[in-house]
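Colleague: Structure file final15.cif (mmCIF, C-alpha atoms) is given on the next line.
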data_upload
loop_
_atom_site.group_PDB
_atom_site.id
_atom_site.type_symbol
_atom_site.label_atom_id
_atom_site.label_comp_id
_atom_site.auth_asym_id
_atom_site.auth_seq_id
_atom_site.Cartn_x
_atom_site.Cartn_y
_atom_site.Cartn_z
ATOM 1 C CA MET A 22 -6.729 -15.398 13.440
ATOM 2 C CA SER A 23 -2.926 -15.301 13.096
ATOM 3 C CA LYS A 24 -1.079 -12.092 12.286
ATOM 4 C CA ALA A 25 0.554 -11.279 8.978
ATOM 5 C CA LEU A 26 2.382 -8.232 10.356
ATOM 6 C CA GLU A 27 2.877 -6.742 13.778
ATOM 7 C CA VAL A 28 4.591 -3.470 14.634
ATOM 8 C CA LYS A 29 5.769 -2.822 18.175
ATOM 9 C CA ASP A 30 6.833 0.605 19.459
ATOM 10 C CA LEU A 31 8.422 1.765 16.200
ATOM 11 C CA PHE A 32 10.422 5.016 16.263
ATOM 12 C CA TYR A 33 12.147 6.777 13.385
ATOM 13 C CA GLN A 34 13.661 10.164 12.674
ATOM 14 C CA TYR A 35 15.092 11.446 9.426
ATOM 15 C CA PRO A 36 18.823 12.238 9.102
ATOM 16 C CA ASP A 37 18.150 15.941 9.696
ATOM 17 C CA GLY A 38 16.609 15.072 13.057
ATOM 18 C CA THR A 39 12.980 15.441 12.008
ATOM 19 C CA PRO A 40 10.884 12.905 13.966
ATOM 20 C CA ALA A 41 8.562 10.818 11.794
ATOM 21 C CA LEU A 42 7.404 7.866 13.909
ATOM 22 C CA ASN A 43 6.943 8.134 17.647
ATOM 23 C CA GLY A 44 6.160 4.727 19.110
ATOM 24 C CA VAL A 45 3.849 3.190 16.497
ATOM 25 C CA SER A 46 2.250 -0.171 17.301
ATOM 26 C CA LEU A 47 -0.302 -2.033 15.184
ATOM 27 C CA SER A 48 -1.161 -5.496 13.944
ATOM 28 C CA LEU A 49 -2.495 -6.826 10.649
ATOM 29 C CA LYS A 50 -4.307 -10.146 10.567
ATOM 30 C CA ARG A 51 -3.954 -12.583 7.692
ATOM 31 C CA GLY A 52 -6.359 -11.510 4.966
ATOM 32 C CA GLU A 53 -7.205 -8.217 6.685
ATOM 33 C CA LYS A 54 -7.398 -4.943 4.766
ATOM 34 C CA LEU A 55 -6.392 -2.055 7.039
ATOM 35 C CA ALA A 56 -6.604 1.659 6.216
ATOM 36 C CA VAL A 57 -4.016 4.042 7.664
ATOM 37 C CA ILE A 58 -5.433 7.554 7.626
ATOM 38 C CA GLY A 59 -4.239 10.912 8.867
ATOM 39 C CA ALA A 60 -3.332 14.428 7.790
ATOM 40 C CA ASN A 61 -0.213 15.224 5.776
ATOM 41 C CA GLY A 62 2.912 14.761 7.859
ATOM 42 C CA SER A 63 1.301 12.319 10.274
ATOM 43 C CA GLY A 64 3.802 9.557 9.428
ATOM 44 C CA LYS A 65 1.752 7.345 7.118
ATOM 45 C CA SER A 66 4.255 7.067 4.267
ATOM 46 C CA THR A 67 7.185 6.543 6.636
ATOM 47 C CA LEU A 68 5.310 3.731 8.351
ATOM 48 C CA LEU A 69 4.544 2.058 5.009
ATOM 49 C CA ALA A 70 8.182 2.346 3.947
ATOM 50 C CA HIS A 71 9.172 0.437 7.094
ATOM 51 C CA LEU A 72 6.546 -2.248 6.443
ATOM 52 C CA ALA A 73 7.909 -2.762 2.932
ATOM 53 C CA GLY A 74 11.521 -3.004 4.107
ATOM 54 C CA CYS A 75 12.629 0.284 2.549
ATOM 55 C CA PHE A 76 14.150 1.438 5.859
ATOM 56 C CA VAL A 77 16.244 -0.417 8.413
ATOM 57 C CA ILE A 78 14.483 -0.428 11.784
ATOM 58 C CA GLU A 79 16.133 2.036 14.171
ATOM 59 C CA SER A 80 14.058 1.435 17.277
ATOM 60 C CA GLY A 81 11.168 -0.945 17.833
ATOM 61 C CA GLU A 82 10.229 -4.215 16.189
ATOM 62 C CA ILE A 83 8.363 -5.602 13.193
ATOM 63 C CA LEU A 84 7.172 -9.207 13.136
ATOM 64 C CA LEU A 85 6.372 -10.968 9.864
ATOM 65 C CA PHE A 86 4.058 -13.942 10.382
ATOM 66 C CA ASP A 87 5.026 -13.952 14.074
ATOM 67 C CA GLU A 88 8.782 -13.977 13.366
ATOM 68 C CA PRO A 89 10.865 -10.874 14.256
ATOM 69 C CA VAL A 90 12.425 -9.199 11.224
ATOM 70 C CA GLY A 91 15.225 -7.594 13.210
ATOM 71 C CA ARG A 92 17.595 -5.556 11.062
ATOM 72 C CA GLU A 93 16.999 -7.650 7.930
ATOM 73 C CA PRO A 94 14.660 -5.575 5.727
ATOM 74 C CA GLU A 95 15.110 -7.986 2.805
ATOM 75 C CA ARG A 96 12.752 -10.384 4.595
ATOM 76 C CA LEU A 97 10.022 -7.775 4.332
ATOM 77 C CA ARG A 98 10.968 -6.971 0.734
ATOM 78 C CA ASN A 99 10.442 -10.609 -0.227
ATOM 79 C CA ALA A 100 7.013 -10.840 1.416
ATOM 80 C CA VAL A 101 5.579 -7.343 0.960
ATOM 81 C CA GLY A 102 4.714 -5.645 -2.310
ATOM 82 C CA MET A 103 4.519 -1.849 -2.171
ATOM 83 C CA ILE A 104 2.709 0.502 -4.540
ATOM 84 C CA PHE A 105 4.180 4.002 -4.252
ATOM 85 C CA GLN A 106 2.069 7.145 -4.324
ATOM 86 C CA ASP A 107 3.613 8.207 -7.631
ATOM 87 C CA PRO A 108 3.580 5.278 -10.107
ATOM 88 C CA ASP A 109 6.374 6.964 -12.081
ATOM 89 C CA ASP A 110 8.656 5.884 -9.221
ATOM 90 C CA GLN A 111 8.027 2.251 -10.253
ATOM 91 C CA LEU A 112 7.743 2.343 -14.034
ATOM 92 C CA PHE A 113 10.993 2.592 -15.968
ATOM 93 C CA MET A 114 11.160 -0.082 -18.679
ATOM 94 C CA PRO A 115 10.504 0.619 -22.406
ATOM 95 C CA SER A 116 7.148 -1.195 -22.440
ATOM 96 C CA VAL A 117 4.428 -2.112 -19.956
ATOM 97 C CA LEU A 118 4.979 -5.845 -20.465
ATOM 98 C CA GLU A 119 8.697 -5.508 -19.737
ATOM 99 C CA ASP A 120 7.951 -3.428 -16.655
ATOM 100 C CA VAL A 121 5.513 -5.975 -15.212
ATOM 101 C CA ALA A 122 7.934 -8.823 -15.959
ATOM 102 C CA PHE A 123 10.963 -7.029 -14.507
ATOM 103 C CA GLY A 124 10.557 -8.222 -10.903
ATOM 104 C CA LEU A 125 10.259 -11.859 -11.936
ATOM 105 C CA ILE A 126 13.318 -11.639 -14.177
ATOM 106 C CA SER A 127 15.332 -9.949 -11.427
ATOM 107 C CA ARG A 128 14.571 -12.957 -9.225
ATOM 108 C CA GLY A 129 15.984 -15.332 -11.820
ATOM 109 C CA MET A 130 12.972 -16.412 -13.862
ATOM 110 C CA ASP A 131 13.659 -16.943 -17.564
ATOM 111 C CA VAL A 132 12.400 -14.140 -19.789
ATOM 112 C CA PRO A 133 9.710 -16.032 -21.782
ATOM 113 C CA LYS A 134 8.093 -17.394 -18.618
ATOM 114 C CA ALA A 135 8.254 -13.997 -16.909
ATOM 115 C CA ARG A 136 6.577 -12.326 -19.875
ATOM 116 C CA GLU A 137 3.884 -15.017 -19.969
ATOM 117 C CA LEU A 138 3.052 -14.409 -16.303
ATOM 118 C CA ALA A 139 3.227 -10.648 -16.803
ATOM 119 C CA MET A 140 0.646 -10.866 -19.587
ATOM 120 C CA LYS A 141 -1.616 -12.960 -17.365
ATOM 121 C CA ALA A 142 -1.319 -10.325 -14.639
ATOM 122 C CA LEU A 143 -2.334 -7.622 -17.115
ATOM 123 C CA GLU A 144 -5.270 -9.750 -18.234
ATOM 124 C CA GLU A 145 -6.391 -10.295 -14.630
ATOM 125 C CA ILE A 146 -6.839 -6.570 -14.108
ATOM 126 C CA LEU A 147 -8.242 -6.020 -17.606
ATOM 127 C CA ILE A 148 -5.393 -4.030 -19.178
ATOM 128 C CA PRO A 149 -3.719 -6.468 -21.644
ATOM 129 C CA HIS A 150 -4.167 -3.858 -24.394
ATOM 130 C CA LEU A 151 -1.480 -1.767 -22.666
ATOM 131 C CA ALA A 152 1.186 -4.481 -22.864
ATOM 132 C CA HIS A 153 3.250 -2.925 -25.636
ATOM 133 C CA ARG A 154 2.688 0.716 -24.752
ATOM 134 C CA PRO A 155 5.528 2.807 -23.271
ATOM 135 C CA PRO A 156 4.673 3.572 -19.611
ATOM 136 C CA HIS A 157 5.511 7.260 -19.912
ATOM 137 C CA ARG A 158 2.674 7.685 -22.426
ATOM 138 C CA LEU A 159 -0.023 6.251 -20.184
ATOM 139 C CA SER A 160 -2.614 8.205 -18.235
ATOM 140 C CA GLY A 161 -2.317 8.469 -14.469
ATOM 141 C CA GLY A 162 -4.945 5.788 -13.959
ATOM 142 C CA GLU A 163 -3.298 3.447 -16.447
ATOM 143 C CA LYS A 164 0.086 3.918 -14.765
ATOM 144 C CA ARG A 165 -1.472 3.066 -11.411
ATOM 145 C CA MET A 166 -2.931 -0.151 -12.793
ATOM 146 C CA VAL A 167 0.370 -1.143 -14.421
ATOM 147 C CA ALA A 168 2.253 -0.540 -11.166
ATOM 148 C CA LEU A 169 -0.307 -2.730 -9.400
ATOM 149 C CA ALA A 170 0.116 -5.489 -12.000
ATOM 150 C CA GLY A 171 3.884 -5.340 -11.504
ATOM 151 C CA ILE A 172 3.416 -6.051 -7.805
ATOM 152 C CA LEU A 173 0.606 -8.614 -8.102
ATOM 153 C CA VAL A 174 2.612 -10.729 -10.565
ATOM 154 C CA MET A 175 5.146 -11.295 -7.766
ATOM 155 C CA ARG A 176 2.401 -12.899 -5.620
ATOM 156 C CA PRO A 177 3.356 -11.058 -2.413
ATOM 157 C CA ASP A 178 1.840 -12.192 0.880
ATOM 158 C CA ILE A 179 1.075 -8.600 1.865
ATOM 159 C CA LEU A 180 0.265 -5.483 -0.144
ATOM 160 C CA VAL A 181 1.175 -1.991 1.051
ATOM 161 C CA LEU A 182 -0.315 0.901 -0.929
ATOM 162 C CA ASP A 183 0.425 4.590 -0.521
ATOM 163 C CA GLU A 184 -2.491 6.785 -1.680
ATOM 164 C CA PRO A 185 -3.674 4.424 -4.450
ATOM 165 C CA SER A 186 -6.414 6.805 -5.625
ATOM 166 C CA ALA A 187 -4.383 10.030 -5.571
ATOM 167 C CA THR A 188 -4.893 12.244 -8.673
ATOM 168 C CA LEU A 189 -7.222 9.710 -10.335
ATOM 169 C CA ASP A 190 -10.445 10.634 -12.098
ATOM 170 C CA PRO A 191 -13.641 8.927 -10.840
ATOM 171 C CA ARG A 192 -13.586 6.106 -13.402
ATOM 172 C CA ALA A 193 -9.911 5.243 -12.785
ATOM 173 C CA ARG A 194 -10.470 5.439 -9.027
ATOM 174 C CA ARG A 195 -13.365 2.979 -9.288
ATOM 175 C CA ARG A 196 -11.226 0.559 -11.299
ATOM 176 C CA VAL A 197 -8.561 0.593 -8.587
ATOM 177 C CA ILE A 198 -11.194 -0.111 -5.931
ATOM 178 C CA ASP A 199 -12.683 -2.941 -8.004
ATOM 179 C CA VAL A 200 -9.245 -4.566 -8.318
ATOM 180 C CA LEU A 201 -8.274 -4.190 -4.651
ATOM 181 C CA ARG A 202 -11.513 -5.278 -3.013
ATOM 182 C CA PRO A 203 -11.536 -8.993 -4.025
ATOM 183 C CA LEU A 204 -7.810 -9.619 -3.456
ATOM 184 C CA ASP A 205 -6.969 -12.259 -0.844
ATOM 185 C CA GLN A 206 -3.709 -10.701 0.360
ATOM 186 C CA SER A 207 -3.391 -8.880 3.647
ATOM 187 C CA MET A 208 -3.299 -5.197 2.849
ATOM 188 C CA VAL A 209 -2.315 -1.853 4.387
ATOM 189 C CA ILE A 210 -3.583 1.231 2.564
ATOM 190 C CA ALA A 211 -2.464 4.732 3.499
ATOM 191 C CA THR A 212 -5.053 7.113 2.103
ATOM 192 C CA HIS A 213 -6.800 10.456 2.382
ATOM 193 C CA ASP A 214 -9.655 8.931 0.378
ATOM 194 C CA LEU A 215 -11.904 7.854 3.224
ATOM 195 C CA ASP A 216 -14.614 6.626 0.874
ATOM 196 C CA LEU A 217 -12.075 4.274 -0.740
ATOM 197 C CA ALA A 218 -11.171 3.055 2.746
ATOM 198 C CA LEU A 219 -14.836 2.294 3.385
ATOM 199 C CA ASP A 220 -15.151 0.439 0.074
ATOM 200 C CA VAL A 221 -12.028 -1.711 0.488
ATOM 201 C CA CYS A 222 -11.071 -2.015 4.167
ATOM 202 C CA THR A 223 -12.688 -3.481 7.282
ATOM 203 C CA GLY A 224 -10.550 -1.664 9.847
ATOM 204 C CA ALA A 225 -8.554 1.540 10.188
ATOM 205 C CA VAL A 226 -6.023 3.365 12.308
ATOM 206 C CA ILE A 227 -5.689 7.139 12.537
ATOM 207 C CA MET A 228 -2.192 8.633 12.721
ATOM 208 C CA SER A 229 -1.244 12.053 14.077
ATOM 209 C CA GLY A 230 2.189 13.368 14.989
ATOM 210 C CA GLY A 231 3.882 10.082 14.189
ATOM 211 C CA LYS A 232 1.593 8.124 16.500
ATOM 212 C CA ILE A 233 -1.503 6.002 16.130
ATOM 213 C CA THR A 234 -4.155 7.905 18.026
ATOM 214 C CA VAL A 235 -7.035 5.478 17.568
ATOM 215 C CA CYS A 236 -7.913 2.226 15.845
ATOM 216 C CA GLY A 237 -11.252 0.652 15.122
ATOM 217 C CA LYS A 238 -13.638 -1.067 12.771
ATOM 218 C CA LEU A 239 -15.129 0.414 9.649
ATOM 219 C CA PRO A 240 -17.497 2.039 9.004
ATOM 220 C CA ASP A 241 -18.051 3.031 12.667
ATOM 221 C CA LEU A 242 -14.685 4.766 13.091
ATOM 222 C CA LEU A 243 -15.293 7.110 10.166
ATOM 223 C CA LYS A 244 -18.733 8.191 11.393
ATOM 224 C CA ASP A 245 -17.215 10.031 14.368
ATOM 225 C CA LYS A 246 -17.059 13.631 13.107
ATOM 226 C CA THR A 247 -15.489 15.010 16.290
ATOM 227 C CA LEU A 248 -12.722 12.404 16.267
ATOM 228 C CA LEU A 249 -11.964 13.045 12.611
ATOM 229 C CA LEU A 250 -11.815 16.818 13.065
ATOM 230 C CA GLU A 251 -9.443 16.398 16.016
ATOM 231 C CA ASN A 252 -7.092 14.549 13.676
ATOM 232 C CA GLY A 253 -7.290 16.964 10.742
ATOM 233 C CA LEU A 254 -9.830 14.894 8.799
ATOM 234 C CA GLU A 255 -13.385 15.289 7.564
ATOM 235 C CA LEU A 256 -16.331 12.941 7.270
ATOM 236 C CA PRO A 257 -16.376 10.697 4.178
ATOM 237 C CA LEU A 258 -18.646 11.985 1.432
ATOM 238 C CA LYS A 259 -21.141 9.169 1.959
ATOM 239 C CA PHE A 260 -21.739 10.312 5.548
ATOM 240 C CA LEU A 261 -22.356 13.971 4.698
ATOM 241 C CA SER A 262 -26.007 14.918 4.975
#
What does this structure look like when you write it as structure tokens?

Modeller:
Amino acid sequence: MSKALEVKDLFYQYPDGTPALNGVSLSLKRGEKLAVIGANGSGKSTLLAHLAGCFVIESGEILLFDEPVGREPERLRNAVGMIFQDPDDQLFMPSVLEDVAFGLISRGMDVPKARELAMKALEEILIPHLAHRPPHRLSGGEKRMVALAGILVMRPDILVLDEPSATLDPRARRRVIDVLRPLDQSMVIATHDLDLALDVCTGAVIMSGGKITVCGKLPDLLKDKTLLLENGLELPLKFLS
């Protein structure tokens, strides 16, 4: 199976000198859903920001459908849709419908067509009733779903999600899982929610200290209690006896 994304020996440090990525390498097959797990500070969010083209590559290489990206992050931005950990970072228009349509309009689509497609995207994930609500008055779960609609309407080849279930109540968390699981796009999900990873993904990598310490198939990888404890993690709830 061909690769949607490949990362080779990626390094990055923040302007203050703090190291964040220390030689990360991984690959994502077309249609694969990959979980990136690890304790706080392990480098997960920084890795996702690189995959989405938010940072210029300092050292290492990212390939998009077997073609090197080089120092052109806009190529990743056009192919990868990212959902940030805090949906408030993505929602800023007066209404939900305008927010979901914004990306299409910014790419030159006429407003009526963009709003038509935005409404269809809201209908696809069962939240058309939110179309005319102001985003700042939505619940956390509703904001998460709107942010997801705003990315899905762009039809990205790859989805990158940073902690998609963070702060959600059980019902909202289940709705996010039910939307993500049937999607055809290749997907990278950084998460502390190991049960979500088991529900949505088929493979996982564990990060620690800016490195990938292990990769493997799910659910087998997340049954290894010793390995998880060594990386600051605990067994998923479904494996606790």

Colleague: Which residues fall under the PyMOL selection byres ((chain A and resi 175-189) around 7) in this file, as an MDAnalysis selection string?

Modeller: chainID A and resid 66 69 100:106 124:125 161:162 172:174 190:191 193:194 206:213

Colleague: Restricting the calculation to all atoms listed in the file: of A:His71, A:Lys65, A:His150, A:Arg128, which residue gets closest to A:Glu27?

Modeller: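 Of A:His71, A:Lys65, A:His150, A:Arg128, the one nearest A:Glu27, counting all atoms listed in the file, is A:His71.
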
Colleague: Is it possible to get the residues within 12 Å of (-2.3, 3.6, 16.2) (coordinates as in the file, counting all atoms listed in the file) written as a PyMOL selection string?

Modeller: chain A and resi 27-31+42-49+55-59+63-65+68+224-237

Colleague: Under the rule that only C-alpha atoms are counted, which of A:Leu118, A:Ser160, A:Pro40, A:Leu72 is the nearest residue to A:Glu144?

Modeller: A:Leu118

Colleague: If you measure from atom CA of A:Asp220 to atom CA of A:Ala41, what distance in Å do you get, rounded to one decimal?

Modeller: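 Calculated distance between atom CA of A:Asp220 and atom CA of A:Ala41 is 28.4 Å.
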
Colleague: First collect every listed atom of stretch 113-121 of chain A; then fit an axis-aligned box around them, widen it by 5 Å on each side, and give centre and edge lengths in Å to one decimal, as lines of an AutoDock Vina configuration file.

Modeller:
center_x = 7.8
center_y = -1.7
center_z = -18.8
size_x = 16.7
size_y = 18.6
size_z = 17.2

Colleague: Using only C-alpha atoms and a cutoff of 10 Å, can you tell me which residues are near (3.8, -11.9, 18.1) in the file's coordinates, and write them out as JSON, numbers by chain?

Modeller: {"A": [23, 24, 25, 26, 27, 28, 29, 48, 83, 84, 85, 86, 87, 88, 89]}

Colleague: Could you state the separation of atom CA of A:Tyr35 and atom CA of A:Cys75 in Å, given to one decimal place?

Modeller: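 Computed distance, atom CA of A:Tyr35 to atom CA of A:Cys75, equals 13.3 Å.
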
Colleague: Would you mind reading off the distance between atom CA of A:Ala139 and atom CA of A:Ala122, one decimal, in Å?

Modeller: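 According to the coordinates, atom CA of A:Ala139 and atom CA of A:Ala122 are separated by 5.1 Å.
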
Colleague: Given the file shown, determine the residues that the PyMOL selection byres ((chain A and resi 223) around 8) selects; report them as number ranges by chain.

Modeller: A: 53-55, 219, 221-222, 224-225, 238-240

Colleague: Model the absent atoms of stretch 45-62 of chain A so that N, CA and C atoms are present, and write the result as a PDB file, in the frame of the given file.

Modeller:
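As written to disk, result_0.pdb reads:
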ATOM      1  N   VAL A  45       4.993   3.770  17.208  1.00  0.00           N
ATOM      2  CA  VAL A  45       3.849   3.190  16.497  1.00  0.00           C
ATOM      3  C   VAL A  45       3.744   1.696  16.788  1.00  0.00           C
ATOM      4  N   SER A  46       2.547   1.260  17.121  1.00  0.00           N
ATOM      5  CA  SER A  46       2.250  -0.171  17.301  1.00  0.00           C
ATOM      6  C   SER A  46       0.945  -0.495  16.596  1.00  0.00           C
ATOM      7  N   LEU A  47       0.927  -1.575  15.835  1.00  0.00           N
ATOM      8  CA  LEU A  47      -0.302  -2.033  15.184  1.00  0.00           C
ATOM      9  C   LEU A  47      -0.127  -3.480  14.772  1.00  0.00           C
ATOM     10  N   SER A  48      -1.220  -4.128  14.443  1.00  0.00           N
ATOM     11  CA  SER A  48      -1.161  -5.496  13.944  1.00  0.00           C
ATOM     12  C   SER A  48      -2.099  -5.646  12.760  1.00  0.00           C
ATOM     13  N   LEU A  49      -1.724  -6.536  11.856  1.00  0.00           N
ATOM     14  CA  LEU A  49      -2.495  -6.826  10.649  1.00  0.00           C
ATOM     15  C   LEU A  49      -2.729  -8.322  10.588  1.00  0.00           C
ATOM     16  N   LYS A  50      -3.975  -8.733  10.634  1.00  0.00           N
ATOM     17  CA  LYS A  50      -4.307 -10.146  10.567  1.00  0.00           C
ATOM     18  C   LYS A  50      -4.170 -10.664   9.136  1.00  0.00           C
ATOM     19  N   ARG A  51      -3.986 -11.973   9.022  1.00  0.00           N
ATOM     20  CA  ARG A  51      -3.954 -12.583   7.692  1.00  0.00           C
ATOM     21  C   ARG A  51      -5.279 -12.321   6.972  1.00  0.00           C
ATOM     22  N   GLY A  52      -5.170 -11.802   5.760  1.00  0.00           N
ATOM     23  CA  GLY A  52      -6.359 -11.510   4.966  1.00  0.00           C
ATOM     24  C   GLY A  52      -7.043 -10.201   5.285  1.00  0.00           C
ATOM     25  N   GLU A  53      -6.576  -9.487   6.299  1.00  0.00           N
ATOM     26  CA  GLU A  53      -7.205  -8.217   6.685  1.00  0.00           C
ATOM     27  C   GLU A  53      -6.781  -7.097   5.752  1.00  0.00           C
ATOM     28  N   LYS A  54      -7.689  -6.164   5.512  1.00  0.00           N
ATOM     29  CA  LYS A  54      -7.398  -4.943   4.766  1.00  0.00           C
ATOM     30  C   LYS A  54      -7.559  -3.765   5.726  1.00  0.00           C
ATOM     31  N   LEU A  55      -6.441  -3.091   6.015  1.00  0.00           N
ATOM     32  CA  LEU A  55      -6.392  -2.055   7.039  1.00  0.00           C
ATOM     33  C   LEU A  55      -6.064  -0.712   6.409  1.00  0.00           C
ATOM     34  N   ALA A  56      -6.874   0.306   6.687  1.00  0.00           N
ATOM     35  CA  ALA A  56      -6.604   1.659   6.216  1.00  0.00           C
ATOM     36  C   ALA A  56      -5.794   2.411   7.267  1.00  0.00           C
ATOM     37  N   VAL A  57      -4.780   3.139   6.803  1.00  0.00           N
ATOM     38  CA  VAL A  57      -4.016   4.042   7.664  1.00  0.00           C
ATOM     39  C   VAL A  57      -4.321   5.456   7.189  1.00  0.00           C
ATOM     40  N   ILE A  58      -4.983   6.229   8.035  1.00  0.00           N
ATOM     41  CA  ILE A  58      -5.433   7.554   7.626  1.00  0.00           C
ATOM     42  C   ILE A  58      -4.866   8.605   8.581  1.00  0.00           C
ATOM     43  N   GLY A  59      -4.791   9.824   8.084  1.00  0.00           N
ATOM     44  CA  GLY A  59      -4.239  10.912   8.867  1.00  0.00           C
ATOM     45  C   GLY A  59      -3.879  12.070   7.960  1.00  0.00           C
ATOM     46  N   ALA A  60      -3.691  13.235   8.552  1.00  0.00           N
ATOM     47  CA  ALA A  60      -3.332  14.428   7.790  1.00  0.00           C
ATOM     48  C   ALA A  60      -1.919  14.298   7.224  1.00  0.00           C
ATOM     49  N   ASN A  61      -1.572  15.188   6.310  1.00  0.00           N
ATOM     50  CA  ASN A  61      -0.213  15.224   5.776  1.00  0.00           C
ATOM     51  C   ASN A  61       0.786  15.400   6.911  1.00  0.00           C
ATOM     52  N   GLY A  62       1.891  14.650   6.833  1.00  0.00           N
ATOM     53  CA  GLY A  62       2.912  14.761   7.859  1.00  0.00           C
ATOM     54  C   GLY A  62       2.665  13.945   9.101  1.00  0.00           C
TER      55      GLY A  62
END
